[in-house]
Amino acid sequence: MAKALWGGAVLAESDQTVIVEGNTYFPIESVHTEYLRPSETHSVCPWKGTASYHHVEVNGQRNPDAAWYYPDPKPAAKEIKDRVAFWKGVRVEP
C-alpha cells in the first residue's frame, strides 16, 4: 500500500495508485483532504492538460503547492482523473 507522508502526517494511503512519469497518483477518496488548502497555481503539460495545485498544511506548517491534480485531463491521461500526486519533500512510500 502506497503512502504519502509529510510533517508527521499521512496525507494519502492507497493500494489503487497509478504511476505516471514517476509520480504516484492517489485516488482522491484516499487523500486526507483536511491537509490540503487551495492554491491559485496552475501549470500546463502538453499531453496531460492543465494541472491545479494545493498547499499542504500540517500542524501549522505549510508546504506550498506540494500537491497537484488534473481536474480535466486530456484523453491520453484519463487514468489520472480524480487523483492527486505530491512532491516538494512529500515522501511517497511504495
# chains A, B, ... in the order shown; residues from 1 in each chain; ligands from 1
>>> residues_around(residues="Pro27 (chain A)", least_positions_apart="5", cutoff="8 Å", atoms="only C-alpha atoms", output="PyMOL selection string")
chain A and resi 14+16-17+82-84
>>> residues_around(residues="Val56 (chain A)", least_positions_apart="6", cutoff="6 Å", atoms="only C-alpha atoms", output="number ranges by chain")
A: 35-36, 62-63, 66
>>> closest_residue(among="A:Leu11, A:Ala67, A:Cys45, A:Gly89", to="Val31 (chain A)", atoms="only C-alpha atoms")
A:Leu11
>>> atom_distance(atom1="CA of Glu40 (chain A)", atom2="CA of Ser52 (chain A)")
7.6 Å
>>> select_by_dssp(residues="region 7-80 of chain A", states="strand (DSSP E)", output="ChimeraX atom specification")
/A:9-14,18-20,23-27,36-45,49-58,61-69
>>> closest_residue(among="A:Glu21, A:Glu29, A:Asp72, A:Glu79", to="Gly49 (chain A)", atoms="only C-alpha atoms")
A:Asp72
>>> residues_around(residues="Ser39 (chain A)", least_positions_apart="5", cutoff="7 Å", atoms="only C-alpha atoms", output="NGL selection string")
:A and (53-55 or 65)
>>> residues_around(residues="Val18 (chain A)", least_positions_apart="4", cutoff="8 Å", atoms="only C-alpha atoms", output="PyMOL selection string")
chain A and resi 24-26+79-80
>>> closest_residue(among="A:Lys48, A:Ala2, A:Trp68, A:Gly22", to="Lys88 (chain A)", atoms="only C-alpha atoms")
A:Trp68
>>> atom_distance(atom1="CA of Trp47 (chain A)", atom2="CA of Ala77 (chain A)")
7.2 Å
